[in-house]
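> My structure is stored as work36.cif, with mmCIF, C-alpha atoms.
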```
data_target
loop_
_atom_site.label_atom_id
_atom_site.label_comp_id
_atom_site.auth_asym_id
_atom_site.auth_seq_id
_atom_site.Cartn_x
_atom_site.Cartn_y
_atom_site.Cartn_z
CA MET A 15 20.02 -8.59 -8.82
CA THR A 16 19.84 -11.99 -7.29
CA ALA A 17 20.24 -13.14 -3.75
CA LYS A 18 22.81 -15.78 -2.87
CA ILE A 19 20.20 -17.80 -0.99
CA ALA A 20 18.29 -20.18 -3.24
CA TYR A 21 14.51 -20.34 -3.03
CA ASP A 22 14.65 -24.13 -3.18
CA ASP A 23 16.96 -24.26 -0.17
CA VAL A 24 14.58 -22.54 2.25
CA GLU A 25 11.42 -23.81 3.89
CA VAL A 26 8.69 -22.26 5.97
CA GLY A 27 10.32 -21.97 9.39
CA THR A 28 13.87 -21.49 8.10
CA GLU A 29 15.53 -19.09 10.53
CA LEU A 30 17.75 -16.24 9.40
CA PRO A 31 20.84 -15.53 11.52
CA ALA A 32 19.67 -13.34 14.43
CA GLN A 33 21.57 -10.16 15.27
CA THR A 34 21.82 -7.67 18.12
CA PHE A 35 22.30 -4.00 17.30
CA PRO A 36 23.64 -1.50 19.86
CA VAL A 37 22.19 2.01 20.03
CA THR A 38 23.60 4.84 22.11
CA ARG A 39 22.87 8.57 22.26
CA ALA A 40 25.76 9.07 19.85
CA THR A 41 24.11 6.62 17.42
CA LEU A 42 20.90 8.66 17.52
CA VAL A 43 22.68 11.95 16.87
CA GLN A 44 24.47 10.37 13.92
CA TYR A 45 21.20 8.93 12.57
CA ALA A 46 19.45 12.29 13.01
CA GLY A 47 22.09 13.91 10.82
CA ALA A 48 22.06 11.19 8.18
CA SER A 49 18.26 11.00 7.97
CA GLY A 50 17.42 14.65 8.53
CA ASP A 51 15.05 13.76 11.40
CA PHE A 52 15.94 16.20 14.18
CA ASN A 53 12.89 15.62 16.40
CA PRO A 54 14.24 16.48 19.90
CA ILE A 55 12.65 13.38 21.47
CA HIS A 56 15.61 11.52 19.91
CA TRP A 57 18.36 13.59 21.56
CA ASN A 58 16.95 15.96 24.20
CA GLU A 59 16.06 14.19 27.45
CA LYS A 60 14.36 17.22 28.97
CA PHE A 61 12.08 17.56 25.96
CA ALA A 62 11.37 13.82 25.83
CA VAL A 63 10.31 13.75 29.48
CA GLU A 64 8.16 16.86 29.02
CA VAL A 65 6.12 15.11 26.32
CA GLY A 66 5.59 12.08 28.54
CA LEU A 67 8.37 9.74 27.47
CA PRO A 68 10.52 7.90 30.03
CA ASP A 69 13.73 9.12 28.35
CA VAL A 70 15.18 9.78 24.90
CA ILE A 71 13.91 7.20 22.41
CA ALA A 72 15.38 5.90 19.16
CA HIS A 73 13.91 6.97 15.83
CA GLY A 74 11.37 4.36 14.76
CA MET A 75 12.99 4.51 11.33
CA PHE A 76 16.36 3.69 12.90
CA THR A 77 14.90 0.51 14.38
CA MET A 78 13.29 -0.28 11.02
CA ALA A 79 16.66 0.20 9.30
CA GLU A 80 18.42 -2.11 11.75
CA ALA A 81 15.80 -4.86 11.57
CA ILE A 82 16.02 -5.29 7.80
CA ARG A 83 19.79 -5.84 8.08
CA VAL A 84 19.00 -9.37 9.25
CA VAL A 85 17.45 -9.89 5.81
CA THR A 86 19.98 -7.98 3.69
CA ASP A 87 22.95 -9.64 5.43
CA TRP A 88 21.29 -12.99 4.64
CA THR A 89 20.60 -12.26 0.98
CA VAL A 90 23.88 -10.28 0.50
CA ASP A 91 22.20 -8.25 -2.27
CA PRO A 92 19.94 -5.69 -0.57
CA ALA A 93 17.90 -5.42 -3.79
CA ALA A 94 16.37 -8.79 -2.90
CA VAL A 95 13.96 -6.88 -0.63
CA VAL A 96 10.76 -6.37 -2.63
CA GLU A 97 8.51 -5.17 0.19
CA TYR A 98 9.14 -4.19 3.79
CA GLY A 99 6.68 -2.96 6.37
CA VAL A 100 6.50 -2.51 10.14
CA ARG A 101 4.26 -1.16 12.88
CA PHE A 102 5.92 0.89 15.61
CA THR A 103 4.50 -0.67 18.77
CA LYS A 104 6.89 0.38 21.58
CA PRO A 105 9.72 2.91 21.67
CA VAL A 106 13.35 1.88 22.09
CA VAL A 107 14.41 3.80 25.20
CA VAL A 108 18.06 4.91 25.05
CA PRO A 109 19.61 5.90 28.40
CA ASN A 110 22.46 8.39 28.58
CA ASP A 111 25.20 5.98 29.66
CA ASP A 112 28.05 4.09 28.06
CA LYS A 113 25.84 1.09 27.19
CA GLY A 114 22.73 2.66 25.70
CA ALA A 115 20.21 0.08 24.49
CA THR A 116 20.20 -2.94 22.24
CA ILE A 117 17.78 -4.03 19.54
CA GLU A 118 17.57 -7.81 19.13
CA VAL A 119 16.25 -8.98 15.80
CA SER A 120 15.30 -12.48 14.75
CA ALA A 121 13.57 -13.56 11.57
CA LYS A 122 12.19 -16.61 9.86
CA VAL A 123 10.65 -17.60 6.58
CA ALA A 124 6.89 -17.46 7.14
CA ALA A 125 5.62 -18.33 3.65
CA LYS A 126 6.89 -19.35 0.24
CA LEU A 127 5.31 -17.23 -2.48
CA ASP A 128 5.32 -17.29 -6.28
CA ASP A 129 8.17 -15.96 -8.43
CA LYS A 130 10.90 -17.25 -6.06
CA GLN A 131 9.71 -14.87 -3.37
CA VAL A 132 9.37 -15.61 0.32
CA ARG A 133 7.74 -13.73 3.16
CA VAL A 134 10.07 -13.19 6.11
CA ASP A 135 8.58 -12.29 9.49
CA LEU A 136 10.83 -10.26 11.76
CA LEU A 137 10.81 -9.98 15.54
CA ALA A 138 12.52 -6.91 17.04
CA LYS A 139 12.87 -6.55 20.81
CA SER A 140 14.51 -4.09 23.16
CA ALA A 141 14.58 -4.46 26.96
CA ASP A 142 12.41 -7.60 26.58
CA GLN A 143 9.67 -5.65 24.81
CA LYS A 144 8.53 -6.12 21.25
CA VAL A 145 9.29 -2.80 19.52
CA LEU A 146 8.03 -3.62 16.02
CA GLY A 147 4.77 -5.35 15.14
CA MET A 148 3.56 -6.74 11.82
CA SER A 149 7.18 -6.60 10.75
CA ARG A 150 7.39 -8.36 7.40
CA ALA A 151 9.51 -8.39 4.29
CA VAL A 152 8.91 -9.98 0.90
CA VAL A 153 12.25 -11.17 -0.43
CA ARG A 154 13.18 -12.49 -3.88
CA LEU A 155 15.64 -15.36 -3.68
CA ALA A 156 17.81 -17.01 -6.30
CA MET B 7 -10.86 17.64 16.02
CA ALA B 8 -11.62 15.08 13.34
CA LEU B 9 -9.94 15.66 10.00
CA ASP B 10 -12.04 16.42 6.94
CA GLN B 11 -12.86 13.17 5.12
CA SER B 12 -13.11 15.06 1.82
CA PHE B 13 -9.29 15.12 1.75
CA VAL B 14 -9.19 11.35 1.12
CA GLY B 15 -7.85 10.78 -2.38
CA ARG B 16 -6.26 14.19 -2.63
CA SER B 17 -2.89 14.20 -4.40
CA TYR B 18 -0.27 16.90 -4.07
CA PRO B 19 1.98 18.13 -6.90
CA PRO B 20 5.18 16.14 -7.49
CA THR B 21 8.18 17.44 -5.56
CA ASP B 22 11.24 18.94 -7.19
CA PRO B 23 13.77 16.19 -7.96
CA TYR B 24 15.97 14.95 -5.12
CA GLU B 25 19.38 13.92 -6.46
CA VAL B 26 20.69 10.86 -4.64
CA GLY B 27 24.42 11.18 -3.90
CA ARG B 28 26.90 8.39 -3.25
CA GLU B 29 28.19 10.16 -0.17
CA LYS B 30 24.69 10.63 1.24
CA ILE B 31 24.07 6.89 0.86
CA ARG B 32 27.41 6.15 2.50
CA GLU B 33 26.60 8.53 5.37
CA PHE B 34 23.26 6.79 5.93
CA ALA B 35 24.81 3.30 5.83
CA VAL B 36 27.47 4.36 8.35
CA ALA B 37 24.79 5.87 10.61
CA VAL B 38 22.92 2.56 10.77
CA GLY B 39 26.20 0.65 11.13
CA ASP B 40 25.73 -1.28 7.90
CA ALA B 41 29.00 -2.29 6.25
CA ASN B 42 27.42 -3.92 3.17
CA PRO B 43 29.89 -2.94 0.40
CA ALA B 44 27.06 -2.46 -2.11
CA TYR B 45 26.21 0.78 -0.27
CA ALA B 46 29.70 2.25 -0.48
CA ASP B 47 31.73 0.66 -3.26
CA PRO B 48 30.49 1.04 -6.87
CA GLU B 49 32.52 -2.00 -7.94
CA ALA B 50 30.91 -4.17 -5.26
CA ALA B 51 27.50 -2.94 -6.38
CA LYS B 52 28.35 -3.69 -10.03
CA ALA B 53 29.44 -7.20 -9.07
CA LEU B 54 25.85 -7.75 -7.90
CA GLY B 55 24.51 -6.44 -11.20
CA HIS B 56 23.76 -2.86 -10.20
CA PRO B 57 24.74 0.28 -12.16
CA ASP B 58 26.05 2.12 -9.07
CA VAL B 59 25.89 1.96 -5.29
CA LEU B 60 22.38 1.39 -4.01
CA ALA B 61 20.70 2.83 -0.96
CA PRO B 62 19.63 0.74 2.05
CA PRO B 63 15.91 -0.15 1.92
CA THR B 64 14.71 2.56 4.31
CA PHE B 65 16.93 5.37 2.96
CA VAL B 66 14.13 6.72 0.76
CA PHE B 67 12.01 7.57 3.80
CA ALA B 68 13.93 10.81 4.26
CA ILE B 69 12.75 11.84 0.78
CA THR B 70 9.15 10.63 1.02
CA PHE B 71 8.65 12.05 4.51
CA LYS B 72 9.90 15.44 3.43
CA ALA B 73 7.43 15.25 0.55
CA ALA B 74 4.67 14.29 3.00
CA GLY B 75 5.30 17.67 4.61
CA GLN B 76 3.01 19.07 1.91
CA VAL B 77 0.20 17.07 3.48
CA ILE B 78 1.21 17.47 7.12
CA GLU B 79 1.59 21.23 6.80
CA ASP B 80 -1.48 21.74 4.61
CA PRO B 81 -3.35 24.44 6.57
CA GLN B 82 -6.63 23.32 5.01
CA LEU B 83 -6.18 19.81 6.42
CA GLY B 84 -5.31 21.21 9.84
CA LEU B 85 -3.31 18.32 11.30
CA ASP B 86 -1.86 19.08 14.76
CA TYR B 87 1.69 17.95 14.10
CA SER B 88 2.79 18.42 17.71
CA ARG B 89 0.64 15.39 18.57
CA VAL B 90 1.71 13.22 15.63
CA VAL B 91 3.50 9.89 16.02
CA HIS B 92 4.60 7.42 13.37
CA GLY B 93 2.29 4.41 13.41
CA ASP B 94 3.22 2.17 10.48
CA GLN B 95 5.67 2.31 7.61
CA LYS B 96 5.79 0.19 4.49
CA PHE B 97 7.77 0.19 1.24
CA ALA B 98 7.20 -1.66 -2.04
CA TYR B 99 10.13 -1.54 -4.43
CA THR B 100 10.15 -1.81 -8.21
CA ARG B 101 13.91 -1.34 -8.03
CA PRO B 102 16.43 -0.07 -5.46
CA VAL B 103 17.35 3.60 -5.18
CA TYR B 104 20.71 4.23 -6.86
CA ALA B 105 23.29 6.98 -6.55
CA GLY B 106 22.61 9.45 -9.33
CA ASP B 107 18.84 8.98 -9.27
CA ARG B 108 16.77 12.13 -9.53
CA LEU B 109 13.64 11.23 -7.62
CA THR B 110 10.30 12.98 -7.45
CA VAL B 111 7.58 12.12 -4.96
CA THR B 112 3.84 12.42 -5.44
CA SER B 113 1.99 12.28 -2.12
CA THR B 114 -1.62 11.19 -1.85
CA ILE B 115 -3.90 11.00 1.18
CA GLU B 116 -5.07 7.40 1.09
CA ALA B 117 -7.22 7.32 4.20
CA ILE B 118 -8.38 9.39 7.15
CA LYS B 119 -9.84 7.64 10.16
CA SER B 120 -10.87 8.68 13.61
CA LEU B 121 -10.35 6.11 16.34
CA ALA B 122 -10.89 6.81 20.05
CA GLY B 123 -10.34 10.50 19.42
CA ASN B 124 -7.11 9.93 17.50
CA ASP B 125 -6.82 11.11 13.91
CA ILE B 126 -5.17 8.49 11.70
CA LEU B 127 -3.75 9.64 8.39
CA ASP B 128 -2.44 7.29 5.69
CA ILE B 129 -0.16 8.94 3.15
CA ARG B 130 1.13 7.19 0.04
CA GLY B 131 4.27 8.52 -1.62
CA GLU B 132 4.93 7.37 -5.18
CA VAL B 133 8.60 7.76 -6.07
CA HIS B 134 9.60 8.06 -9.73
CA ASP B 135 12.94 8.56 -11.45
CA ALA B 136 13.87 11.18 -14.05
CA ALA B 137 12.54 8.94 -16.83
CA GLY B 138 9.17 8.77 -15.09
CA GLU B 139 9.64 5.12 -14.14
CA HIS B 140 8.36 3.89 -10.79
CA VAL B 141 11.07 3.19 -8.18
CA VAL B 142 9.31 2.66 -4.86
CA THR B 143 6.04 3.39 -3.08
CA ALA B 144 6.11 4.38 0.58
CA TRP B 145 3.06 4.17 2.86
CA THR B 146 3.24 6.19 6.06
CA LYS B 147 0.61 5.99 8.78
CA LEU B 148 0.59 8.98 11.11
CA VAL B 149 -1.44 9.08 14.31
CA SER B 150 -2.41 12.40 15.83
CA ARG B 151 -3.14 11.66 19.44
CA ALA B 152 -6.20 13.08 21.12
CA ALA B 153 -5.29 13.69 24.74
CA GLU B 154 -1.81 12.75 25.93
CA PRO B 155 1.25 14.20 24.23
CA ALA B 156 3.43 12.13 21.90
CA ALA B 157 4.63 8.77 23.15
CA GLU B 158 6.48 7.52 20.12
CA GLY B 159 8.51 9.50 17.69
CA VAL B 160 8.43 10.05 14.00
#
```
Translate the structure described by the file into C-alpha cells.

Amino acid sequence: MTAKIAYDDVEVGTELPAQTFPVTRATLVQYAGASGDFNPIHWNEKFAVEVGLPDVIAHGMFTMAEAIRVVTDWTVDPAAVVEYGVRFTKPVVVPNDDKGATIEVSAKVAAKLDDKQVRVDLLAKSADQKVLGMSRAVVRLA
Amino acid sequence: MALDQSFVGRSYPPTDPYEVGREKIREFAVAVGDANPAYADPEAAKALGHPDVLAPPTFVFAITFKAAGQVIEDPQLGLDYSRVVHGDQKFAYTRPVYAGDRLTVTSTIEAIKSLAGNDILDIRGEVHDAAGEHVVTAWTKLVSRAAEPAAEGV
C-alpha cells in the first residue's frame, strides 16, 4: 500500500509528469457503457444542441478519471490517493471528427502534510480552457 | 422553486449491496484508457500489497450516484432533474475498492442552498463493505439551474 515516490524526495513545487489524454465520440460511448451514465448530452449531438450546448460534451466524471491518472501513474500504486476532489468549471467539447478533443493535465505538489501525505494540485485544460477547478488530491507517499 | 430546507440532514436507507466484479473494474479501466496492471491483474495488485485488483479512484461514483437516485428522485424533495448539472465531486478513501467487495451506500442530504435562483444540493454517500467497515465517502454537489437548460453534464 505504499507509493514508490518517497515523501522526503518531493518538495512544494515538485511537478508530476504532465499528460495529454485524447477523447473522441467513441471514447464517450465506451465510458457511458462502463460507467452506466447514458445522459444523451454525451453522445447525441442533436440533444446536446437542444439543451444549449455547443456540441456533445465529455462526462465530467470521465475528465475527473483522466486527471487523476497523472497522480496514479506517478505513485504507481493507485491506493496512494487518500482524497480527490474537483469542480466542473467548463465542459470538454468533443466534435464528431477523427481527432475529437484532448484533455491536458499537469500537476504539482502544493503542500507537504503530516503522515507522509502531500497535497497535489491538478490543472486540466481542453481547447485552452480550464475544465476542472479546485482540483486537488491528497496522496500518501512512501 | 427553492427546495425545502427541512430535508437537510435527511438520510436514506442503505442500498442493497453492489458486488464489485473484476471484469467490471477492467471494463472501467479500459474505458478511461488506464493500463495500470493493478486494475486488471490480481498478481500485480498483490505485488503492491492488495488482496485483489483494485478499482480506479473514481470507479465508485457509478455506485454512489445510483444510490443518490433515492434523493434525486424523492418526490417529496421535488428536484427538477432535467435542469441538474454536476457541480463538484470529492472522494475520501479509507481504503481502495477491491474486486469482491459488497458495497452498500447510505446517502445523506448535507446541504441545500439557493443561489441566484439555482438550487444547490450537496449529497454525501457513505460506502461500507459487507463487514460494515468504511471504504470511501463521496460528496456530490448538484446544481439545478433556474432559467437556462443544462450546460454541463452529470
> Extract, using only C-alpha atoms, all DNA, RNA and protein residues at most 12 Å from B:Leu109, discarding same-chain residues fewer than 4 positions from it, and format them as a ChimeraX atom specification.
/B:20-27,66,68-70,73,102-105,131-143
> Can you build me a table of chain A residues sitting at most 6 Å from chain B, with the closest atom pair per residue and its distance in Å to one decimal, using only C-alpha atoms, sorted by chain and residue number, as a Markdown table?

```
| residue | atom | partner | partner_atom | distance |
| --- | --- | --- | --- | --- |
| A:Met15 | CA | B:Gly55 | CA | 5.5 |
| A:Gln44 | CA | B:Ala37 | CA | 5.6 |
| A:Tyr45 | CA | B:Ala37 | CA | 5.1 |
| A:Ala48 | CA | B:Phe34 | CA | 5.1 |
| A:Ser49 | CA | B:Ala68 | CA | 5.7 |
| A:Val65 | CA | B:Pro155 | CA | 5.4 |
| A:Leu67 | CA | B:Ala157 | CA | 5.8 |
| A:Ala79 | CA | B:Thr64 | CA | 5.9 |
| A:Ala93 | CA | B:Pro102 | CA | 5.8 |
| A:Val96 | CA | B:Tyr99 | CA | 5.2 |
| A:Glu97 | CA | B:Ala98 | CA | 4.4 |
| A:Tyr98 | CA | B:Phe97 | CA | 5.3 |
| A:Gly99 | CA | B:Lys96 | CA | 3.8 |
| A:Val100 | CA | B:Gln95 | CA | 5.5 |
| A:Arg101 | CA | B:Asp94 | CA | 4.2 |
| A:Phe102 | CA | B:Gly93 | CA | 5.5 |
| A:Pro105 | CA | B:Glu158 | CA | 5.8 |
```
> Rank nothing, just name the residue among B:Ala50, B:Ser150, B:Arg28, B:Glu79 nearest to B:Lys119, using all atoms listed in the file.
B:Ser150
> Distance atom CA of A:Asp69-atom CA of A:Leu42, one decimal place?
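It comes out at 13.0 Å.
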> Mind giving me the straight-line distance from atom CA of A:Ile55 to atom CA of A:Ala72 in Å, one decimal?
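Pair atom CA of A:Ile55 / atom CA of A:Ala72 returns 8.3 Å.
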> What does the PyMOL selection byres ((chain A and resi 21-24) around 12) select in this file, as a ChimeraX atom specification?
/A:16-20,25-30,88-89,94,122-134,153-156
> Ranking A:Gly66, A:Pro31, A:Pro36, A:Gly147 by minimum distance to A:Glu80 and counting all atoms listed in the file, which one comes first?
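Under the stated criterion, the closest residue is A:Pro36.
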> Report as a list in words the residues that result from applying the PyMOL selection byres ((chain A and resi 58-60) around 10) to the structure here.
Arg39, Asn53, Pro54, Ile55, His56, Trp57, Phe61, Ala62, Val63, Glu64, Val65, Leu67, Pro68, Asp69, Val70, Ile71, Val108, Pro109 and Asn110 of chain A
> Could you tell me which residues the PyMOL selection byres ((chain A and resi 120) around 10) returns for this structure, as a PyMOL selection string?
chain A and resi 29-34+81+84-85+118-119+121-122+135-139
> Write out the residues from the selection above, keeping C-alpha atoms, as an mmCIF file, in the coordinates of the input.

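The new file again-v4.cif reads:
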```cif
data_model
loop_
_atom_site.group_PDB
_atom_site.id
_atom_site.type_symbol
_atom_site.label_atom_id
_atom_site.label_comp_id
_atom_site.auth_asym_id
_atom_site.auth_seq_id
_atom_site.Cartn_x
_atom_site.Cartn_y
_atom_site.Cartn_z
ATOM 1 C CA GLU A 29 15.530 -19.090 10.530
ATOM 2 C CA LEU A 30 17.750 -16.240 9.400
ATOM 3 C CA PRO A 31 20.840 -15.530 11.520
ATOM 4 C CA ALA A 32 19.670 -13.340 14.430
ATOM 5 C CA GLN A 33 21.570 -10.160 15.270
ATOM 6 C CA THR A 34 21.820 -7.670 18.120
ATOM 7 C CA ALA A 81 15.800 -4.860 11.570
ATOM 8 C CA VAL A 84 19.000 -9.370 9.250
ATOM 9 C CA VAL A 85 17.450 -9.890 5.810
ATOM 10 C CA GLU A 118 17.570 -7.810 19.130
ATOM 11 C CA VAL A 119 16.250 -8.980 15.800
ATOM 12 C CA ALA A 121 13.570 -13.560 11.570
ATOM 13 C CA LYS A 122 12.190 -16.610 9.860
ATOM 14 C CA ASP A 135 8.580 -12.290 9.490
ATOM 15 C CA LEU A 136 10.830 -10.260 11.760
ATOM 16 C CA LEU A 137 10.810 -9.980 15.540
ATOM 17 C CA ALA A 138 12.520 -6.910 17.040
ATOM 18 C CA LYS A 139 12.870 -6.550 20.810
#
```
> Rounded to one decimal place, report the atom CA of A:Pro92-atom CA of A:Leu146 distance in Å.
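Straight-line distance from atom CA of A:Pro92 to atom CA of A:Leu146 works out to 20.5 Å.
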> Pick out the closest residue to B:Val90 from this set: B:Ala117, B:Ile78, B:Val14, B:Leu9. Count only C-alpha atoms.
B:Ile78
> Using all atoms listed in the file, pick whichever of B:Leu148, B:Leu121, B:Ala46, B:Ile115 has the shortest atom-to-atom distance to B:Val77.
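Nearest candidate to B:Val77 out of B:Leu148, B:Leu121, B:Ala46, B:Ile115: B:Ile115.
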> So which one's closest to B:Ser17, B:Leu85, B:Ala74, B:Val149, B:Ala122? Using all atoms listed in the file, please.
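With all atoms listed in the file as the atom set, the closest residue is B:Ala74.
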> Any chance you could build stretch 65-86 of chain B out to N, CA and C atoms and write it as a PDB file, in the frame of the given file?

```pdb
ATOM      1  N   PHE B  65      16.318   4.061   3.269  1.00  0.00           N
ATOM      2  CA  PHE B  65      16.930   5.370   2.960  1.00  0.00           C
ATOM      3  C   PHE B  65      15.906   6.354   2.383  1.00  0.00           C
ATOM      4  N   VAL B  66      15.046   5.852   1.516  1.00  0.00           N
ATOM      5  CA  VAL B  66      14.130   6.720   0.760  1.00  0.00           C
ATOM      6  C   VAL B  66      13.113   7.419   1.654  1.00  0.00           C
ATOM      7  N   PHE B  67      12.975   6.941   2.901  1.00  0.00           N
ATOM      8  CA  PHE B  67      12.010   7.570   3.800  1.00  0.00           C
ATOM      9  C   PHE B  67      12.298   9.060   4.000  1.00  0.00           C
ATOM     10  N   ALA B  68      13.584   9.406   4.059  1.00  0.00           N
ATOM     11  CA  ALA B  68      13.930  10.810   4.260  1.00  0.00           C
ATOM     12  C   ALA B  68      13.337  11.670   3.141  1.00  0.00           C
ATOM     13  N   ILE B  69      13.267  11.096   1.937  1.00  0.00           N
ATOM     14  CA  ILE B  69      12.750  11.840   0.780  1.00  0.00           C
ATOM     15  C   ILE B  69      11.218  11.845   0.795  1.00  0.00           C
ATOM     16  N   THR B  70      10.628  10.686   1.066  1.00  0.00           N
ATOM     17  CA  THR B  70       9.150  10.630   1.020  1.00  0.00           C
ATOM     18  C   THR B  70       8.534  11.370   2.207  1.00  0.00           C
ATOM     19  N   PHE B  71       9.225  11.359   3.354  1.00  0.00           N
ATOM     20  CA  PHE B  71       8.650  12.050   4.510  1.00  0.00           C
ATOM     21  C   PHE B  71       8.725  13.559   4.334  1.00  0.00           C
ATOM     22  N   LYS B  72       9.805  14.006   3.729  1.00  0.00           N
ATOM     23  CA  LYS B  72       9.900  15.440   3.430  1.00  0.00           C
ATOM     24  C   LYS B  72       8.777  15.840   2.478  1.00  0.00           C
ATOM     25  N   ALA B  73       8.525  14.983   1.496  1.00  0.00           N
ATOM     26  CA  ALA B  73       7.430  15.250   0.550  1.00  0.00           C
ATOM     27  C   ALA B  73       6.084  15.251   1.267  1.00  0.00           C
ATOM     28  N   ALA B  74       5.941  14.368   2.260  1.00  0.00           N
ATOM     29  CA  ALA B  74       4.670  14.290   3.000  1.00  0.00           C
ATOM     30  C   ALA B  74       4.418  15.558   3.796  1.00  0.00           C
ATOM     31  N   GLY B  75       5.465  16.379   3.948  1.00  0.00           N
ATOM     32  CA  GLY B  75       5.300  17.670   4.610  1.00  0.00           C
ATOM     33  C   GLY B  75       4.242  18.523   3.939  1.00  0.00           C
ATOM     34  N   GLN B  76       4.076  18.347   2.623  1.00  0.00           N
ATOM     35  CA  GLN B  76       3.010  19.070   1.910  1.00  0.00           C
ATOM     36  C   GLN B  76       1.649  18.768   2.511  1.00  0.00           C
ATOM     37  N   VAL B  77       1.474  17.498   2.902  1.00  0.00           N
ATOM     38  CA  VAL B  77       0.200  17.070   3.480  1.00  0.00           C
ATOM     39  C   VAL B  77       0.120  17.517   4.942  1.00  0.00           C
ATOM     40  N   ILE B  78       1.206  17.208   5.679  1.00  0.00           N
ATOM     41  CA  ILE B  78       1.210  17.470   7.120  1.00  0.00           C
ATOM     42  C   ILE B  78       1.027  18.949   7.415  1.00  0.00           C
ATOM     43  N   GLU B  79       1.629  19.781   6.553  1.00  0.00           N
ATOM     44  CA  GLU B  79       1.590  21.230   6.800  1.00  0.00           C
ATOM     45  C   GLU B  79       0.486  21.922   6.022  1.00  0.00           C
ATOM     46  N   ASP B  80      -0.376  21.139   5.365  1.00  0.00           N
ATOM     47  CA  ASP B  80      -1.480  21.740   4.610  1.00  0.00           C
ATOM     48  C   ASP B  80      -2.439  22.414   5.594  1.00  0.00           C
ATOM     49  N   PRO B  81      -2.503  23.758   5.571  1.00  0.00           N
ATOM     50  CA  PRO B  81      -3.350  24.440   6.570  1.00  0.00           C
ATOM     51  C   PRO B  81      -4.825  24.069   6.423  1.00  0.00           C
ATOM     52  N   GLN B  82      -5.233  23.695   5.211  1.00  0.00           N
ATOM     53  CA  GLN B  82      -6.630  23.320   5.010  1.00  0.00           C
ATOM     54  C   GLN B  82      -6.960  21.995   5.695  1.00  0.00           C
ATOM     55  N   LEU B  83      -5.959  21.094   5.754  1.00  0.00           N
ATOM     56  CA  LEU B  83      -6.180  19.810   6.420  1.00  0.00           C
ATOM     57  C   LEU B  83      -6.213  20.009   7.932  1.00  0.00           C
ATOM     58  N   GLY B  84      -5.284  20.833   8.435  1.00  0.00           N
ATOM     59  CA  GLY B  84      -5.310  21.210   9.840  1.00  0.00           C
ATOM     60  C   GLY B  84      -4.862  20.129  10.813  1.00  0.00           C
ATOM     61  N   LEU B  85      -3.853  19.342  10.407  1.00  0.00           N
ATOM     62  CA  LEU B  85      -3.310  18.320  11.300  1.00  0.00           C
ATOM     63  C   LEU B  85      -2.484  18.990  12.410  1.00  0.00           C
ATOM     64  N   ASP B  86      -2.670  18.543  13.647  1.00  0.00           N
ATOM     65  CA  ASP B  86      -1.860  19.080  14.760  1.00  0.00           C
ATOM     66  C   ASP B  86      -0.586  18.253  14.853  1.00  0.00           C
TER      67      ASP B  86
END
```
